[in-house]
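The file coords-v9.cif contains mmCIF, C-alpha atoms:
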```
data_input
#
loop_
_atom_site.group_PDB
_atom_site.id
_atom_site.type_symbol
_atom_site.label_atom_id
_atom_site.label_comp_id
_atom_site.auth_asym_id
_atom_site.auth_seq_id
_atom_site.Cartn_x
_atom_site.Cartn_y
_atom_site.Cartn_z
ATOM 1 C CA MET A 1 -0.301 27.641 -14.626
ATOM 2 C CA GLU A 2 3.008 25.863 -14.992
ATOM 3 C CA THR A 3 2.907 22.170 -15.809
ATOM 4 C CA ILE A 4 4.039 19.807 -13.087
ATOM 5 C CA GLN A 5 6.028 16.920 -14.473
ATOM 6 C CA ILE A 6 7.851 14.418 -12.267
ATOM 7 C CA ALA A 7 9.703 11.354 -13.494
ATOM 8 C CA ALA A 8 8.818 7.978 -12.002
ATOM 9 C CA THR A 9 10.993 6.315 -9.401
ATOM 10 C CA GLU A 10 10.893 2.756 -8.151
ATOM 11 C CA ARG A 11 8.326 3.784 -5.544
ATOM 12 C CA THR A 12 6.661 6.934 -6.868
ATOM 13 C CA PRO A 13 4.617 7.380 -10.051
ATOM 14 C CA ARG A 14 5.300 9.495 -13.082
ATOM 15 C CA VAL A 15 3.242 12.641 -12.608
ATOM 16 C CA LEU A 16 1.900 14.933 -15.295
ATOM 17 C CA LEU A 17 -0.336 17.839 -14.363
ATOM 18 C CA ASP A 18 -0.682 19.889 -17.531
ATOM 19 C CA PHE A 19 -3.016 22.583 -16.237
ATOM 20 C CA ASP A 20 -3.166 24.616 -19.452
ATOM 21 C CA ASN A 21 -4.118 21.664 -21.636
ATOM 22 C CA HIS A 22 -6.336 20.048 -18.976
ATOM 23 C CA ASN A 23 -4.434 16.817 -19.272
ATOM 24 C CA TYR A 24 -3.405 14.908 -16.162
ATOM 25 C CA SER A 25 -1.892 11.523 -15.426
ATOM 26 C CA LEU A 26 -0.317 9.340 -12.785
ATOM 27 C CA SER A 27 1.435 6.154 -13.833
ATOM 28 C CA GLY A 28 3.609 3.487 -12.290
ATOM 29 C CA GLU A 29 4.011 2.548 -8.651
ATOM 30 C CA SER A 30 3.077 4.457 -5.521
ATOM 31 C CA TYR A 31 4.430 3.484 -2.129
ATOM 32 C CA PRO A 32 6.411 6.534 -1.061
ATOM 33 C CA GLU A 33 8.111 6.717 2.309
ATOM 34 C CA ASP A 34 5.813 9.601 3.201
ATOM 35 C CA VAL A 35 2.639 9.946 1.157
ATOM 36 C CA SER A 36 1.888 13.542 2.196
ATOM 37 C CA ASP A 37 5.436 14.644 1.399
ATOM 38 C CA PHE A 38 5.017 13.388 -2.122
ATOM 39 C CA TYR A 39 1.408 14.339 -2.885
ATOM 40 C CA SER A 40 0.244 17.221 -0.641
ATOM 41 C CA SER A 41 1.509 20.180 -2.599
ATOM 42 C CA MET A 42 0.443 18.929 -6.034
ATOM 43 C CA LEU A 43 -2.983 17.958 -4.702
ATOM 44 C CA ASN A 44 -3.555 21.415 -3.280
ATOM 45 C CA GLN A 45 -2.501 23.084 -6.520
ATOM 46 C CA LEU A 46 -4.767 20.810 -8.510
ATOM 47 C CA GLU A 47 -7.694 21.405 -6.185
ATOM 48 C CA ASN A 48 -7.326 25.190 -6.433
ATOM 49 C CA HIS A 49 -7.023 24.981 -10.187
ATOM 50 C CA LEU A 50 -10.016 22.683 -10.676
ATOM 51 C CA GLY A 51 -12.118 24.920 -8.456
ATOM 52 C CA GLN A 52 -11.605 27.845 -10.860
ATOM 53 C CA LEU A 53 -12.426 25.999 -14.083
ATOM 54 C CA ARG A 54 -15.694 26.540 -15.944
ATOM 55 C CA ASP A 55 -16.932 24.810 -19.114
ATOM 56 C CA VAL A 56 -13.717 22.990 -19.731
ATOM 57 C CA ALA A 57 -13.080 19.442 -20.977
ATOM 58 C CA LEU A 58 -10.408 17.696 -18.936
ATOM 59 C CA ARG A 59 -8.938 14.224 -18.741
ATOM 60 C CA PHE A 60 -7.190 12.303 -15.960
ATOM 61 C CA ASP A 61 -5.411 9.023 -16.773
ATOM 62 C CA PHE A 62 -4.470 6.634 -13.985
ATOM 63 C CA SER A 63 -2.100 3.793 -14.942
ATOM 64 C CA PHE A 64 -1.015 2.168 -11.726
ATOM 65 C CA VAL A 65 0.901 -1.065 -11.447
ATOM 66 C CA TYR A 66 0.884 -0.995 -7.663
ATOM 67 C CA PHE A 67 0.030 1.381 -4.825
ATOM 68 C CA ASN A 68 0.083 0.840 -1.079
ATOM 69 C CA SER A 69 -2.761 1.406 1.333
ATOM 70 C CA SER A 70 -1.512 4.883 2.326
ATOM 71 C CA SER A 71 -1.746 5.982 -1.317
ATOM 72 C CA THR A 72 -5.387 4.907 -1.592
ATOM 73 C CA LYS A 73 -6.509 7.926 0.409
ATOM 74 C CA VAL A 74 -4.782 10.247 -2.072
ATOM 75 C CA ILE A 75 -6.347 8.514 -5.060
ATOM 76 C CA MET A 76 -9.784 8.631 -3.455
ATOM 77 C CA ARG A 77 -9.336 12.358 -2.818
ATOM 78 C CA LEU A 78 -8.378 12.864 -6.480
ATOM 79 C CA PHE A 79 -11.560 11.102 -7.575
ATOM 80 C CA GLU A 80 -13.608 13.286 -5.240
ATOM 81 C CA MET A 81 -11.974 16.412 -6.670
ATOM 82 C CA LEU A 82 -12.649 15.244 -10.219
ATOM 83 C CA GLU A 83 -16.298 14.564 -9.445
ATOM 84 C CA GLU A 84 -16.656 17.971 -7.791
ATOM 85 C CA THR A 85 -15.314 19.784 -10.826
ATOM 86 C CA ALA A 86 -17.645 17.717 -13.025
ATOM 87 C CA GLN A 87 -20.558 18.754 -10.793
ATOM 88 C CA SER A 88 -19.491 22.372 -11.388
ATOM 89 C CA GLY A 89 -20.148 21.904 -15.087
ATOM 90 C CA ASN A 90 -16.779 20.800 -16.431
ATOM 91 C CA GLN A 91 -16.593 17.832 -18.743
ATOM 92 C CA VAL A 92 -14.441 15.251 -16.994
ATOM 93 C CA VAL A 93 -13.108 11.967 -18.351
ATOM 94 C CA VAL A 94 -11.308 9.575 -15.994
ATOM 95 C CA ASN A 95 -9.434 6.661 -17.547
ATOM 96 C CA TRP A 96 -8.255 3.891 -15.243
ATOM 97 C CA TYR A 97 -5.737 1.625 -16.958
ATOM 98 C CA TYR A 98 -4.811 -1.740 -15.479
ATOM 99 C CA LYS A 99 -2.468 -4.446 -16.656
ATOM 100 C CA GLU A 100 -4.522 -7.130 -18.358
ATOM 101 C CA GLY A 101 -5.304 -9.869 -15.839
ATOM 102 C CA ASP A 102 -4.370 -7.705 -12.845
ATOM 103 C CA GLU A 103 -7.439 -8.329 -10.687
ATOM 104 C CA ILE A 104 -6.297 -6.080 -7.832
ATOM 105 C CA MET A 105 -5.860 -2.923 -9.934
ATOM 106 C CA GLN A 106 -9.040 -3.630 -11.897
ATOM 107 C CA GLU A 107 -11.074 -3.987 -8.716
ATOM 108 C CA MET A 108 -9.530 -0.876 -7.150
ATOM 109 C CA GLY A 109 -10.514 1.131 -10.239
ATOM 110 C CA GLU A 110 -14.093 -0.083 -9.922
ATOM 111 C CA GLU A 111 -14.146 0.888 -6.252
ATOM 112 C CA PHE A 112 -12.800 4.404 -6.777
ATOM 113 C CA ALA A 113 -15.297 4.904 -9.614
ATOM 114 C CA LEU A 114 -18.154 4.586 -7.105
ATOM 115 C CA ASP A 115 -17.499 8.253 -6.327
ATOM 116 C CA LEU A 116 -18.122 9.357 -9.887
ATOM 117 C CA GLN A 117 -21.603 10.416 -11.003
ATOM 118 C CA ARG A 118 -21.120 13.261 -13.472
ATOM 119 C CA ALA A 119 -17.539 12.443 -14.427
ATOM 120 C CA GLU A 120 -17.201 9.877 -17.194
ATOM 121 C CA PHE A 121 -15.249 6.762 -16.204
ATOM 122 C CA HIS A 122 -13.484 4.176 -18.349
ATOM 123 C CA LEU A 123 -11.842 1.008 -17.088
ATOM 124 C CA LEU A 124 -9.284 -0.002 -19.711
ATOM 125 C CA PRO A 125 -6.554 -2.594 -20.218
ATOM 126 C CA MET A 126 -3.137 -0.930 -20.230
ATOM 127 C CA PRO A 127 -1.627 -0.325 -23.669
ATOM 128 C CA GLU A 128 1.514 -2.437 -24.161
ATOM 129 C CA ILE A 129 3.712 0.657 -24.183
ATOM 130 C CA LEU A 130 2.844 1.436 -20.555
ATOM 131 C CA ASP A 131 3.059 -2.186 -19.538
ATOM 132 C CA GLY A 132 5.771 -2.048 -16.945
ATOM 133 C CA MET B 133 28.056 -18.248 15.538
ATOM 134 C CA ASN B 134 30.227 -20.845 13.903
ATOM 135 C CA VAL B 135 29.290 -23.265 11.161
ATOM 136 C CA ASN B 136 28.128 -25.885 13.669
ATOM 137 C CA GLU B 137 25.467 -23.475 14.841
ATOM 138 C CA LEU B 138 24.666 -21.883 11.492
ATOM 139 C CA LEU B 139 24.100 -25.109 9.576
ATOM 140 C CA PRO B 140 21.349 -26.462 11.875
ATOM 141 C CA PHE B 141 19.829 -22.946 11.915
ATOM 142 C CA ARG B 142 19.835 -22.902 8.127
ATOM 143 C CA LYS B 143 18.341 -26.416 7.998
ATOM 144 C CA SER B 144 15.571 -25.450 10.383
ATOM 145 C CA LEU B 145 14.703 -22.443 8.191
ATOM 146 C CA THR B 146 14.702 -24.401 4.952
ATOM 147 C CA ASP B 147 12.702 -27.251 6.500
ATOM 148 C CA GLN B 148 9.985 -24.719 7.312
ATOM 149 C CA GLY B 149 9.863 -23.471 3.712
ATOM 150 C CA ILE B 150 11.420 -20.147 4.597
ATOM 151 C CA LEU B 151 12.793 -18.347 1.550
ATOM 152 C CA LEU B 152 13.982 -15.260 3.333
ATOM 153 C CA CYS B 153 14.351 -14.190 6.919
ATOM 154 C CA TYR B 154 15.485 -10.882 8.379
ATOM 155 C CA ASN B 155 15.684 -9.845 11.996
ATOM 156 C CA GLY B 156 16.918 -6.405 12.899
ATOM 157 C CA TYR B 157 16.433 -2.773 12.015
ATOM 158 C CA ILE B 158 13.700 -2.425 9.434
ATOM 159 C CA THR B 159 14.256 0.702 7.394
ATOM 160 C CA GLU B 160 12.983 2.080 4.088
ATOM 161 C CA GLU B 161 16.240 0.898 2.500
ATOM 162 C CA VAL B 162 15.621 -2.638 3.734
ATOM 163 C CA LEU B 163 12.052 -2.462 2.427
ATOM 164 C CA MET B 164 13.228 -1.391 -1.037
ATOM 165 C CA GLY B 165 16.066 -3.934 -1.201
ATOM 166 C CA ILE B 166 14.101 -6.947 -0.022
ATOM 167 C CA GLY B 167 11.087 -5.801 -2.059
ATOM 168 C CA ALA B 168 13.172 -5.873 -5.244
ATOM 169 C CA THR B 169 14.530 -9.291 -4.284
ATOM 170 C CA ILE B 170 11.015 -10.666 -3.786
ATOM 171 C CA LYS B 171 10.010 -9.371 -7.237
ATOM 172 C CA HIS B 172 13.063 -11.068 -8.794
ATOM 173 C CA LYS B 173 12.318 -14.318 -6.986
ATOM 174 C CA MET B 174 8.664 -14.317 -8.097
ATOM 175 C CA ALA B 175 9.675 -13.530 -11.689
ATOM 176 C CA ALA B 176 12.221 -16.368 -11.638
ATOM 177 C CA ALA B 177 9.583 -18.730 -10.224
ATOM 178 C CA GLN B 178 7.208 -17.575 -13.020
ATOM 179 C CA ALA B 179 4.542 -17.009 -10.400
ATOM 180 C CA ASP B 180 1.074 -15.837 -11.369
ATOM 181 C CA GLN B 181 0.981 -12.004 -11.559
ATOM 182 C CA ASN B 182 -1.869 -11.785 -9.048
ATOM 183 C CA VAL B 183 0.075 -13.930 -6.574
ATOM 184 C CA THR B 184 3.167 -11.757 -7.108
ATOM 185 C CA ARG B 185 1.245 -8.501 -6.636
ATOM 186 C CA GLY B 186 -0.593 -9.902 -3.611
ATOM 187 C CA LEU B 187 2.617 -11.059 -1.977
ATOM 188 C CA PHE B 188 4.309 -7.735 -2.671
ATOM 189 C CA SER B 189 1.344 -5.855 -1.138
ATOM 190 C CA LEU B 190 1.435 -8.015 1.986
ATOM 191 C CA PHE B 191 5.160 -7.393 2.234
ATOM 192 C CA VAL B 192 4.946 -3.588 1.869
ATOM 193 C CA GLU B 193 2.051 -3.200 4.304
ATOM 194 C CA GLN B 194 3.685 -5.361 6.960
ATOM 195 C CA MET B 195 7.108 -3.732 6.597
ATOM 196 C CA GLN B 196 5.590 -0.237 6.770
ATOM 197 C CA ASN B 197 3.729 -1.298 9.922
ATOM 198 C CA VAL B 198 7.021 -2.239 11.567
ATOM 199 C CA ILE B 199 8.742 0.945 10.353
ATOM 200 C CA ARG B 200 5.904 3.112 11.665
ATOM 201 C CA TYR B 201 4.739 1.340 14.783
ATOM 202 C CA SER B 202 7.354 -1.002 16.255
ATOM 203 C CA ALA B 203 7.804 -0.078 19.913
ATOM 204 C CA GLU B 204 11.368 -1.356 19.824
ATOM 205 C CA LYS B 205 13.372 1.526 18.434
ATOM 206 C CA GLU B 206 16.531 3.559 18.685
ATOM 207 C CA GLY B 207 16.991 7.263 18.129
ATOM 208 C CA SER B 208 14.330 9.921 18.157
ATOM 209 C CA THR B 209 13.032 12.641 15.877
ATOM 210 C CA ARG B 210 13.747 15.060 18.730
ATOM 211 C CA ASP B 211 17.489 14.415 18.970
ATOM 212 C CA GLY B 212 18.143 16.406 15.805
ATOM 213 C CA THR B 213 19.125 13.529 13.526
ATOM 214 C CA GLY B 214 15.507 12.755 12.691
ATOM 215 C CA LEU B 215 16.543 9.140 12.429
ATOM 216 C CA VAL B 216 14.589 6.431 14.201
ATOM 217 C CA LEU B 217 15.492 2.803 13.689
ATOM 218 C CA HIS B 218 12.655 0.361 14.272
ATOM 219 C CA TYR B 219 13.363 -3.221 15.110
ATOM 220 C CA GLY B 220 11.369 -6.102 13.682
ATOM 221 C CA LEU B 221 11.354 -9.565 12.207
ATOM 222 C CA LEU B 222 10.377 -10.499 8.647
ATOM 223 C CA VAL B 223 9.841 -13.977 7.254
ATOM 224 C CA VAL B 224 8.843 -14.803 3.672
ATOM 225 C CA GLY B 225 8.235 -18.421 2.789
ATOM 226 C CA MET B 226 6.015 -21.062 1.332
ATOM 227 C CA GLU B 227 3.718 -23.437 3.165
ATOM 228 C CA ALA B 228 1.558 -26.065 1.450
ATOM 229 C CA SER B 229 2.142 -24.326 -1.917
ATOM 230 C CA HIS B 230 1.056 -20.908 -0.650
ATOM 231 C CA TYR B 231 3.456 -18.014 -0.228
ATOM 232 C CA PHE B 232 3.301 -16.145 3.047
ATOM 233 C CA VAL B 233 4.722 -13.002 4.637
ATOM 234 C CA ALA B 234 5.057 -12.795 8.402
ATOM 235 C CA CYS B 235 6.272 -9.949 10.563
ATOM 236 C CA GLY B 236 6.857 -9.584 14.267
ATOM 237 C CA ASN B 237 7.532 -6.536 16.374
ATOM 238 C CA MET B 238 7.187 -5.234 19.895
ATOM 239 C CA ILE B 239 4.187 -3.114 20.806
ATOM 240 C CA ASP B 240 3.117 -1.338 23.984
ATOM 241 C CA ASN B 241 0.884 -3.423 26.242
ATOM 242 C CA GLN B 242 -1.701 -0.652 26.218
ATOM 243 C CA ASP B 243 -2.187 -1.111 22.452
ATOM 244 C CA VAL B 244 -2.768 -4.863 22.569
ATOM 245 C CA ASP B 245 -6.533 -4.831 23.161
ATOM 246 C CA THR B 246 -7.288 -2.263 20.453
ATOM 247 C CA LEU B 247 -5.145 -4.088 17.913
ATOM 248 C CA ARG B 248 -6.562 -7.495 18.867
ATOM 249 C CA ASN B 249 -10.167 -6.261 18.601
ATOM 250 C CA ASN B 250 -9.476 -4.519 15.325
ATOM 251 C CA LEU B 251 -7.823 -7.582 13.760
ATOM 252 C CA THR B 252 -10.435 -10.012 15.150
ATOM 253 C CA HIS B 253 -13.129 -7.907 13.506
ATOM 254 C CA ILE B 254 -11.262 -7.647 10.181
ATOM 255 C CA LYS B 255 -10.598 -11.395 10.169
ATOM 256 C CA SER B 256 -14.319 -12.134 10.548
ATOM 257 C CA LEU B 257 -15.260 -10.224 7.371
ATOM 258 C CA ASP B 258 -15.774 -11.628 3.884
ATOM 259 C CA HIS B 259 -14.492 -10.062 0.646
ATOM 260 C CA GLU B 260 -17.436 -7.687 0.144
ATOM 261 C CA GLU B 261 -17.508 -6.655 3.803
ATOM 262 C CA LEU B 262 -13.774 -5.902 3.666
ATOM 263 C CA LYS B 263 -14.324 -3.727 0.593
ATOM 264 C CA ALA B 264 -17.081 -1.841 2.418
ATOM 265 C CA LEU B 265 -14.980 -1.325 5.558
ATOM 266 C CA PHE B 266 -12.000 -0.230 3.442
ATOM 267 C CA ARG B 267 -14.135 2.416 1.764
ATOM 268 C CA LYS B 268 -15.825 3.543 4.960
ATOM 269 C CA THR B 269 -12.456 3.904 6.712
ATOM 270 C CA LEU B 270 -10.964 5.884 3.812
ATOM 271 C CA LYS B 271 -13.994 8.187 3.777
ATOM 272 C CA GLY B 272 -13.821 8.817 7.500
ATOM 273 C CA GLU B 273 -11.292 10.562 9.666
ATOM 274 C CA THR B 274 -7.942 8.784 9.826
ATOM 275 C CA PRO B 275 -7.916 6.726 13.067
ATOM 276 C CA PRO B 276 -5.981 8.350 15.941
ATOM 277 C CA GLY B 277 -2.343 7.262 16.019
ATOM 278 C CA SER B 278 -2.334 6.225 12.369
ATOM 279 C CA LEU B 279 0.519 7.503 10.212
ATOM 280 C CA GLY B 280 -0.999 6.282 6.950
ATOM 281 C CA ALA B 281 -4.576 6.003 5.736
ATOM 282 C CA GLY B 282 -5.598 3.638 8.549
ATOM 283 C CA VAL B 283 -6.473 0.842 6.133
ATOM 284 C CA GLY B 284 -3.256 -1.206 6.242
ATOM 285 C CA PHE B 285 -4.689 -4.234 8.028
ATOM 286 C CA ILE B 286 -7.846 -4.197 5.908
ATOM 287 C CA ASP B 287 -5.602 -4.155 2.857
ATOM 288 C CA ILE B 288 -3.630 -7.117 4.245
ATOM 289 C CA ALA B 289 -6.885 -9.026 4.820
ATOM 290 C CA ARG B 290 -8.021 -8.279 1.253
ATOM 291 C CA ARG B 291 -4.745 -9.391 -0.312
ATOM 292 C CA ALA B 292 -4.395 -12.501 1.875
ATOM 293 C CA THR B 293 -6.366 -14.763 -0.435
ATOM 294 C CA HIS B 294 -5.548 -17.758 1.778
ATOM 295 C CA GLY B 295 -6.146 -16.034 5.079
ATOM 296 C CA PHE B 296 -4.072 -14.490 7.783
ATOM 297 C CA GLU B 297 -3.379 -15.099 11.449
ATOM 298 C CA PHE B 298 -2.065 -12.958 14.270
ATOM 299 C CA ASP B 299 -0.961 -13.413 17.858
ATOM 300 C CA PHE B 300 0.376 -11.607 20.901
ATOM 301 C CA ALA B 301 2.785 -12.693 23.619
ATOM 302 C CA ASN B 302 3.438 -10.733 26.764
ATOM 303 C CA MET B 303 7.126 -9.861 27.192
ATOM 304 C CA ASP B 304 7.215 -7.742 30.344
ATOM 305 C CA GLU B 305 5.102 -5.200 32.225
ATOM 306 C CA SER B 306 5.229 -2.682 29.379
ATOM 307 C CA HIS B 307 5.665 -4.620 26.141
ATOM 308 C CA SER B 308 4.145 -7.456 24.143
ATOM 309 C CA TYR B 309 5.286 -9.135 20.969
ATOM 310 C CA PHE B 310 2.900 -8.952 18.036
ATOM 311 C CA SER B 311 3.010 -11.269 15.036
ATOM 312 C CA ILE B 312 1.022 -11.408 11.825
ATOM 313 C CA LYS B 313 1.257 -13.971 9.036
ATOM 314 C CA ALA B 314 -0.646 -13.657 5.773
ATOM 315 C CA TYR B 315 -0.959 -16.194 2.941
ATOM 316 C CA VAL B 316 -1.518 -15.618 -0.755
#
```

Kindly present the structure from the file in structure tokens form.
Amino acid sequence: METIQIAATERTPRVLLDFDNHNYSLSGESYPEDVSDFYSSMLNQLENHLGQLRDVALRFDFSFVYFNSSSTKVIMRLFEMLEETAQSGNQVVVNWYYKEGDEIMQEMGEEFALDLQRAEFHLLPMPEILDG
Amino acid sequence: MNVNELLPFRKSLTDQGILLCYNGYITEEVLMGIGATIKHKMAAAQADQNVTRGLFSLFVEQMQNVIRYSAEKEGSTRDGTGLVLHYGLLVVGMEASHYFVACGNMIDNQDVDTLRNNLTHIKSLDHEELKALFRKTLKGETPPGSLGAGVGFIDIARRATHGFEFDFANMDESHSYFSIKAYV
């Protein structure tokens, strides 16, 4: 499946969905004018793809600086999808990067992780290079 | 307005600690422009990053509320232009060394009770209870009439580390004015 790669804007994150290499990431800010406009199609593609995978190791990196309340529903749905594919026997690693000292993003990562049982979760300070 | 009117107006704003005040059409462009200005101001003031992020969150949530729900609007998605301008009032300032964001907009009288009950409940919750309600609301069906995830006010309550207040004033038989002010 063709990789989805979208550059970041002031209000939307950089998106990488590398289906073939099982490598996914969202980074930056997320407060689009219309959340479904921005996320719906990629979420559906990802969901279909994850549903077909068997015995695969995949990784999803989240490196958010800020997201609005409308975006939280999307992120929660992503976590649910990742847990589901882990339950189906895939090896899933979720990395949640937050800017050191950013209590809001750290706490949000902990909250989303409540949905993960089989998927492996890491809460990590953001490497300097991503520090925006 | 001439200078004799503007100067006292300006003095009244500054005396109240108001850093920024906007009354008029609140659009996505206004949100982005003022949002960037707030970030610059907080960087220049060397504010704590959690205060900056909290203030920015309060700003985005309140502005998006006005853009989505203000009952005072012009244009319609049905007239072909797809452009609706929503009217509202934004104030950003500082009171007793805490930054605040306040917004005001018209709402339909029929929505007053629901909004008041919802906000009264949210205001009564502590940090852990807010987290639980946030999660429960996200997991459930999006509330009827919501254009987002339905957690905007809970998010405001969570980010308002020094509390928030809200009020309603009846304007006429069909509309009320709604205000919310949140401190970080």

(request) May I ask for the distance between CA of Ile170 in chain B and CA of Val316 in chain B, given in Å to one decimal place? (result) 13.8 Å

(message) Taking the file as I've supplied it (selection: the PyMOL selection byres ((chain A) within 6 of (chain B))), which residues are included? Please answer as a list of chain:residue names.
(response)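 So the PyMOL selection byres ((chain A) within 6 of (chain B)), applied here, picks out A:Ser69, A:Ser70, A:Lys73.
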
(message) With distances taken over all atoms listed in the file, which residue among B:Tyr309, B:Tyr231, B:Tyr201, B:Tyr219 lies nearest Gly149 in chain B?
(response) B:Tyr231

(message) Suppose a student applies the PyMOL selection byres ((chain A and resi 29-40) around 6) to this structure; what residues should they get, written as a ChimeraX atom specification?
(response) /A:11-13,28,41-43,64-68

(message) Calculated over all atoms listed in the file, which of the candidates B:Gly236, B:Gly165, B:Ile158, B:Glu227 has the smallest distance to Glu10 in chain A?
(response)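 Using all atoms listed in the file, Glu10 in chain A sits closest to B:Gly165.
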
(request) Record the distance separating CA of His22 in chain A and CA of His122 in chain A, expressed in Å with one decimal. (result)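 Those two atoms sit 17.4 Å apart.
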
(message) Excluding Ser202 in chain B and its own-chain neighbours fewer than 6 positions away, which residues fall within 12 Å of it when counting only C-alpha atoms? Please give them as number ranges by chain.
(response) B: 156-159, 194-196, 216-221, 235-240, 243, 307-311

(request) Report the distance between CA of His294 in chain B and CA of Gln106 in chain A in Å, rounded to one decimal place. (result) 20.0 Å

(request) Taking the point (-8.5, -4.0, -18.3) as given in the file, collect each protein or nucleic acid residue that comes within 10 Å of it, counting only C-alpha atoms, and present the set as a ChimeraX atom specification. (result) /A:96-103,105-107,109,122-127

Residues near range 48-61 of chain A, cut-off 9 Å, all atoms listed in the file, skip fewer than 2 positions along chain, as a PDB file with C-alpha atoms, keeping the file's coordinate frame:
```pdb
ATOM      1  CA  MET A   1      -0.301  27.641 -14.626  1.00  0.00           C
ATOM      2  CA  LEU A  17      -0.336  17.839 -14.363  1.00  0.00           C
ATOM      3  CA  PHE A  19      -3.016  22.583 -16.237  1.00  0.00           C
ATOM      4  CA  ASN A  21      -4.118  21.664 -21.636  1.00  0.00           C
ATOM      5  CA  HIS A  22      -6.336  20.048 -18.976  1.00  0.00           C
ATOM      6  CA  ASN A  23      -4.434  16.817 -19.272  1.00  0.00           C
ATOM      7  CA  TYR A  24      -3.405  14.908 -16.162  1.00  0.00           C
ATOM      8  CA  SER A  25      -1.892  11.523 -15.426  1.00  0.00           C
ATOM      9  CA  LEU A  26      -0.317   9.340 -12.785  1.00  0.00           C
ATOM     10  CA  SER A  27       1.435   6.154 -13.833  1.00  0.00           C
ATOM     11  CA  LEU A  43      -2.983  17.958  -4.702  1.00  0.00           C
ATOM     12  CA  ASN A  44      -3.555  21.415  -3.280  1.00  0.00           C
ATOM     13  CA  GLN A  45      -2.501  23.084  -6.520  1.00  0.00           C
ATOM     14  CA  LEU A  46      -4.767  20.810  -8.510  1.00  0.00           C
ATOM     15  CA  SER A  63      -2.100   3.793 -14.942  1.00  0.00           C
ATOM     16  CA  MET A  81     -11.974  16.412  -6.670  1.00  0.00           C
ATOM     17  CA  LEU A  82     -12.649  15.244 -10.219  1.00  0.00           C
ATOM     18  CA  GLU A  84     -16.656  17.971  -7.791  1.00  0.00           C
ATOM     19  CA  THR A  85     -15.314  19.784 -10.826  1.00  0.00           C
ATOM     20  CA  SER A  88     -19.491  22.372 -11.388  1.00  0.00           C
ATOM     21  CA  GLY A  89     -20.148  21.904 -15.087  1.00  0.00           C
ATOM     22  CA  ASN A  90     -16.779  20.800 -16.431  1.00  0.00           C
ATOM     23  CA  GLN A  91     -16.593  17.832 -18.743  1.00  0.00           C
ATOM     24  CA  VAL A  92     -14.441  15.251 -16.994  1.00  0.00           C
ATOM     25  CA  VAL A  93     -13.108  11.967 -18.351  1.00  0.00           C
ATOM     26  CA  VAL A  94     -11.308   9.575 -15.994  1.00  0.00           C
ATOM     27  CA  ASN A  95      -9.434   6.661 -17.547  1.00  0.00           C
ATOM     28  CA  TRP A  96      -8.255   3.891 -15.243  1.00  0.00           C
ATOM     29  CA  TYR A  97      -5.737   1.625 -16.958  1.00  0.00           C
TER      30      TYR A  97
END
```

Residue members of the PyMOL selection byres ((chain B and resi 246-256) around 8) in the file shown, as a PDB file with C-alpha atoms, keeping the file's coordinate frame:
```
ATOM      1  CA  ASP B 243      -2.187  -1.111  22.452  1.00  0.00           C
ATOM      2  CA  VAL B 244      -2.768  -4.863  22.569  1.00  0.00           C
ATOM      3  CA  ASP B 245      -6.533  -4.831  23.161  1.00  0.00           C
ATOM      4  CA  LEU B 257     -15.260 -10.224   7.371  1.00  0.00           C
ATOM      5  CA  ASP B 258     -15.774 -11.628   3.884  1.00  0.00           C
ATOM      6  CA  LEU B 262     -13.774  -5.902   3.666  1.00  0.00           C
ATOM      7  CA  PHE B 285      -4.689  -4.234   8.028  1.00  0.00           C
ATOM      8  CA  ILE B 286      -7.846  -4.197   5.908  1.00  0.00           C
ATOM      9  CA  ALA B 289      -6.885  -9.026   4.820  1.00  0.00           C
ATOM     10  CA  PHE B 296      -4.072 -14.490   7.783  1.00  0.00           C
ATOM     11  CA  PHE B 298      -2.065 -12.958  14.270  1.00  0.00           C
TER      12      PHE B 298
END
```

(request) Excluding Arg118 in chain A and any residue of its chain fewer than 4 positions from it, enumerate the residues within 8 Å of it, using only C-alpha atoms, and give them as a list of chain:residue names. (result)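 Neighbouring residues, sequence-local ones excluded: A:Glu83, A:Ala86, A:Gln87, A:Val92.
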